[in-house]
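K.L.:
Before we start, here is the structure in question, set down as structure tokens.
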Amino acid sequence: TGSSVDAYYGVVQVAATIQNGSLTNVAFLSYPQDRSASLQRSNYAMPILKSEAISSQSANVNTVSSATYTSQAFISSLSSALSQASV
């Protein structure tokens, strides 16, 4: 589980699933959703960020347009989780 990271409009925290040394899943434990616009951006960005992370096997993903703060917080939280898992 990665650290909780402030995304300005809320907090992002993810949990990474590692199987046989590979990143197989990223679950969002928390994400910006207190406003309808925040929830809409999160719902748009989360599947993209998750897919890119699994494809790249790292937290080195592109920032999703219109969800910059969420993307940056995702990268930070996932980096923390992967560091703890020594991946």
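Going through the structure tokens in order, the chains are called A, B, and so on, while each chain numbers its residues from 1 and the ligands are numbered from 1 in the order shown.
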Please run DSSP on the backbone and report, as an NGL selection string, all residues within chain A that come out as strand (DSSP E).

P.N.:
:A and (5-6 or 11-19 or 22-30)

K.L.:
Let's have the selection written as a JSON list (two decimals), in the first residue's frame, with N, CA, C and O atoms.

P.N.:
```json
[["chain", "number", "residue", "atom", "x", "y", "z"],
["A", 5, "VAL", "N", -1.43, 10.67, -0.66],
["A", 5, "VAL", "CA", -0.82, 11.86, -1.25],
["A", 5, "VAL", "C", -1.91, 12.88, -1.57],
["A", 5, "VAL", "O", -2.92, 12.54, -2.19],
["A", 6, "ASP", "N", -1.68, 14.10, -1.15],
["A", 6, "ASP", "CA", -2.63, 15.18, -1.41],
["A", 6, "ASP", "C", -2.66, 15.49, -2.90],
["A", 6, "ASP", "O", -1.63, 15.75, -3.52],
["A", 11, "VAL", "N", -7.40, 13.20, -1.64],
["A", 11, "VAL", "CA", -6.22, 12.37, -1.38],
["A", 11, "VAL", "C", -6.25, 11.16, -2.29],
["A", 11, "VAL", "O", -7.31, 10.58, -2.53],
["A", 12, "VAL", "N", -5.07, 10.79, -2.80],
["A", 12, "VAL", "CA", -4.94, 9.57, -3.60],
["A", 12, "VAL", "C", -4.08, 8.59, -2.81],
["A", 12, "VAL", "O", -3.02, 8.95, -2.29],
["A", 13, "GLN", "N", -4.56, 7.36, -2.71],
["A", 13, "GLN", "CA", -3.78, 6.28, -2.13],
["A", 13, "GLN", "C", -4.08, 5.03, -2.94],
["A", 13, "GLN", "O", -5.24, 4.75, -3.24],
["A", 14, "VAL", "N", -3.04, 4.30, -3.30],
["A", 14, "VAL", "CA", -3.21, 3.08, -4.08],
["A", 14, "VAL", "C", -2.56, 1.90, -3.38],
["A", 14, "VAL", "O", -1.68, 2.06, -2.54],
["A", 15, "ALA", "N", -3.01, 0.72, -3.76],
["A", 15, "ALA", "CA", -2.40, -0.53, -3.32],
["A", 15, "ALA", "C", -1.98, -1.29, -4.57],
["A", 15, "ALA", "O", -2.77, -1.44, -5.50],
["A", 16, "ALA", "N", -0.73, -1.71, -4.60],
["A", 16, "ALA", "CA", -0.20, -2.44, -5.74],
["A", 16, "ALA", "C", -0.21, -3.93, -5.42],
["A", 16, "ALA", "O", 0.14, -4.34, -4.31],
["A", 17, "THR", "N", -0.58, -4.73, -6.40],
["A", 17, "THR", "CA", -0.52, -6.18, -6.27],
["A", 17, "THR", "C", 0.66, -6.67, -7.10],
["A", 17, "THR", "O", 0.73, -6.40, -8.30],
["A", 18, "ILE", "N", 1.57, -7.36, -6.43],
["A", 18, "ILE", "CA", 2.75, -7.90, -7.09],
["A", 18, "ILE", "C", 2.67, -9.42, -7.05],
["A", 18, "ILE", "O", 2.50, -10.00, -5.98],
["A", 19, "GLN", "N", 2.76, -10.05, -8.21],
["A", 19, "GLN", "CA", 2.78, -11.51, -8.28],
["A", 19, "GLN", "C", 3.96, -11.93, -9.13],
["A", 19, "GLN", "O", 4.13, -11.45, -10.25],
["A", 22, "SER", "N", 5.97, -9.21, -10.72],
["A", 22, "SER", "CA", 5.35, -8.32, -11.69],
["A", 22, "SER", "C", 4.17, -7.58, -11.07],
["A", 22, "SER", "O", 3.43, -8.14, -10.27],
["A", 23, "LEU", "N", 3.99, -6.34, -11.49],
["A", 23, "LEU", "CA", 2.84, -5.55, -11.09],
["A", 23, "LEU", "C", 1.63, -6.06, -11.85],
["A", 23, "LEU", "O", 1.60, -6.00, -13.09],
["A", 24, "THR", "N", 0.66, -6.61, -11.15],
["A", 24, "THR", "CA", -0.51, -7.20, -11.82],
["A", 24, "THR", "C", -1.79, -6.40, -11.62],
["A", 24, "THR", "O", -2.74, -6.57, -12.37],
["A", 25, "ASN", "N", -1.81, -5.54, -10.59],
["A", 25, "ASN", "CA", -3.02, -4.75, -10.36],
["A", 25, "ASN", "C", -2.68, -3.54, -9.52],
["A", 25, "ASN", "O", -1.74, -3.56, -8.72],
["A", 26, "VAL", "N", -3.46, -2.48, -9.72],
["A", 26, "VAL", "CA", -3.36, -1.29, -8.89],
["A", 26, "VAL", "C", -4.79, -0.94, -8.48],
["A", 26, "VAL", "O", -5.65, -0.75, -9.33],
["A", 27, "ALA", "N", -5.03, -0.91, -7.18],
["A", 27, "ALA", "CA", -6.35, -0.57, -6.66],
["A", 27, "ALA", "C", -6.30, 0.81, -6.02],
["A", 27, "ALA", "O", -5.37, 1.12, -5.27],
["A", 28, "PHE", "N", -7.29, 1.62, -6.32],
["A", 28, "PHE", "CA", -7.39, 2.94, -5.71],
["A", 28, "PHE", "C", -8.13, 2.80, -4.39],
["A", 28, "PHE", "O", -9.29, 2.40, -4.36],
["A", 29, "LEU", "N", -7.45, 3.11, -3.29],
["A", 29, "LEU", "CA", -8.06, 3.06, -1.97],
["A", 29, "LEU", "C", -8.77, 4.37, -1.66],
["A", 29, "LEU", "O", -9.77, 4.39, -0.94],
["A", 30, "SER", "N", -8.22, 5.46, -2.19],
["A", 30, "SER", "CA", -8.87, 6.77, -2.07],
["A", 30, "SER", "C", -8.50, 7.61, -3.28],
["A", 30, "SER", "O", -7.44, 7.42, -3.87]]
```

K.L.:
Could you give me, as a PDB file with all heavy atoms, in the first residue's frame, the residues within 6 Å of segment 54-64 of chain A, counting only C-alpha atoms and dropping anything in the same chain fewer than 5 positions from it?

P.N.:
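Now in out15.pdb:
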```pdb
ATOM      1  N   LEU A  23       3.990  -6.337 -11.495  1.00  0.00           N
ATOM      2  CA  LEU A  23       2.843  -5.552 -11.088  1.00  0.00           C
ATOM      3  C   LEU A  23       1.629  -6.057 -11.854  1.00  0.00           C
ATOM      4  O   LEU A  23       1.597  -6.000 -13.087  1.00  0.00           O
ATOM      5  CB  LEU A  23       3.090  -4.066 -11.397  1.00  0.00           C
ATOM      6  CG  LEU A  23       1.970  -3.094 -11.075  1.00  0.00           C
ATOM      7  CD1 LEU A  23       1.665  -3.072  -9.576  1.00  0.00           C
ATOM      8  CD2 LEU A  23       2.339  -1.700 -11.565  1.00  0.00           C
ATOM      9  N   SER A  71      -3.031  12.587 -11.225  1.00  0.00           N
ATOM     10  CA  SER A  71      -1.964  11.811 -11.858  1.00  0.00           C
ATOM     11  C   SER A  71      -0.673  11.892 -11.051  1.00  0.00           C
ATOM     12  O   SER A  71      -0.016  10.870 -10.809  1.00  0.00           O
ATOM     13  CB  SER A  71      -1.702  12.312 -13.282  1.00  0.00           C
ATOM     14  OG  SER A  71      -2.828  12.178 -14.099  1.00  0.00           O
ATOM     15  N   ILE A  75       1.204   8.771  -9.133  1.00  0.00           N
ATOM     16  CA  ILE A  75       2.614   8.416  -9.362  1.00  0.00           C
ATOM     17  C   ILE A  75       3.357   8.334  -8.034  1.00  0.00           C
ATOM     18  O   ILE A  75       4.105   7.386  -7.786  1.00  0.00           O
ATOM     19  CB  ILE A  75       3.276   9.430 -10.319  1.00  0.00           C
ATOM     20  CG1 ILE A  75       2.690   9.270 -11.733  1.00  0.00           C
ATOM     21  CG2 ILE A  75       4.785   9.286 -10.329  1.00  0.00           C
ATOM     22  CD1 ILE A  75       3.006  10.419 -12.679  1.00  0.00           C
ATOM     23  N   LEU A  78       1.965   5.271  -5.930  1.00  0.00           N
ATOM     24  CA  LEU A  78       2.403   3.995  -6.508  1.00  0.00           C
ATOM     25  C   LEU A  78       3.903   3.811  -6.336  1.00  0.00           C
ATOM     26  O   LEU A  78       4.364   2.701  -6.040  1.00  0.00           O
ATOM     27  CB  LEU A  78       2.012   3.899  -7.982  1.00  0.00           C
ATOM     28  CG  LEU A  78       2.383   2.585  -8.675  1.00  0.00           C
ATOM     29  CD1 LEU A  78       1.778   1.373  -7.967  1.00  0.00           C
ATOM     30  CD2 LEU A  78       1.964   2.620 -10.137  1.00  0.00           C
ATOM     31  N   SER A  79       4.678   4.869  -6.490  1.00  0.00           N
ATOM     32  CA  SER A  79       6.128   4.777  -6.272  1.00  0.00           C
ATOM     33  C   SER A  79       6.424   4.308  -4.852  1.00  0.00           C
ATOM     34  O   SER A  79       7.296   3.469  -4.628  1.00  0.00           O
ATOM     35  CB  SER A  79       6.793   6.134  -6.510  1.00  0.00           C
ATOM     36  OG  SER A  79       6.730   6.505  -7.851  1.00  0.00           O
TER      37      SER A  79
END
```

K.L.:
Which residues in chain A does DSSP call alpha helix (DSSP H)? List them as an MDAnalysis selection string.

P.N.:
chainID A and resid 36:56 68:84

K.L.:
Between A:Gln33, A:Asn20, A:Ser4, A:Asn43, single out the one closest to Ala85 of chain A, counting only C-alpha atoms.

P.N.:
A:Asn20

K.L.:
Please measure the separation of atom CA of Ser76 of chain A and atom CA of Met46 of chain A, giving the value in Å to one decimal.

P.N.:
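Taking atom CA of Ser76 of chain A as the start and atom CA of Met46 of chain A as the end point, the length is 14.1 Å.
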
K.L.:
Determine, counting only C-alpha atoms, which protein, DNA and RNA residues have an atom within 8 Å of an atom of Ala67 of chain A; residues of the same chain fewer than 5 positions away are not included. Present the result as a list in words.

P.N.:
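These residues fall inside the cut-off: Arg41, Ser42 and Ala45 of chain A.
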
K.L.:
Keeping N, CA, C and O atoms, export the residues of the selection given above as a compact mmCIF listing (two decimals), in the first residue's frame.

P.N.:
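Okay, again-v3.txt is ready:
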```
# COMPACT_ATOMS: atom_id res chain seq x y z
N ARG A 41 -13.39 13.55 -13.13
CA ARG A 41 -11.98 13.49 -13.56
C ARG A 41 -11.31 12.22 -13.04
O ARG A 41 -10.54 11.59 -13.75
N SER A 42 -11.59 11.86 -11.80
CA SER A 42 -11.01 10.64 -11.22
C SER A 42 -11.47 9.41 -12.00
O SER A 42 -10.66 8.54 -12.34
N ALA A 45 -9.56 9.34 -15.22
CA ALA A 45 -8.11 9.14 -15.13
C ALA A 45 -7.69 7.79 -14.55
O ALA A 45 -6.69 7.21 -14.98
```

K.L.:
Restricting the calculation to only C-alpha atoms: of A:Gln84, A:Ser38, A:Ser3, A:Ser51, which residue gets closest to Thr68 of chain A?

P.N.:
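That would be A:Ser38, the residue with the smallest distance to Thr68 of chain A.
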
K.L.:
Taking only C-alpha atoms into account, which of A:Tyr9, A:Tyr69, A:Glu52, A:Thr1 comes nearest Asp34 of chain A?

P.N.:
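Distance minimum relative to Asp34 of chain A lands on A:Tyr9.
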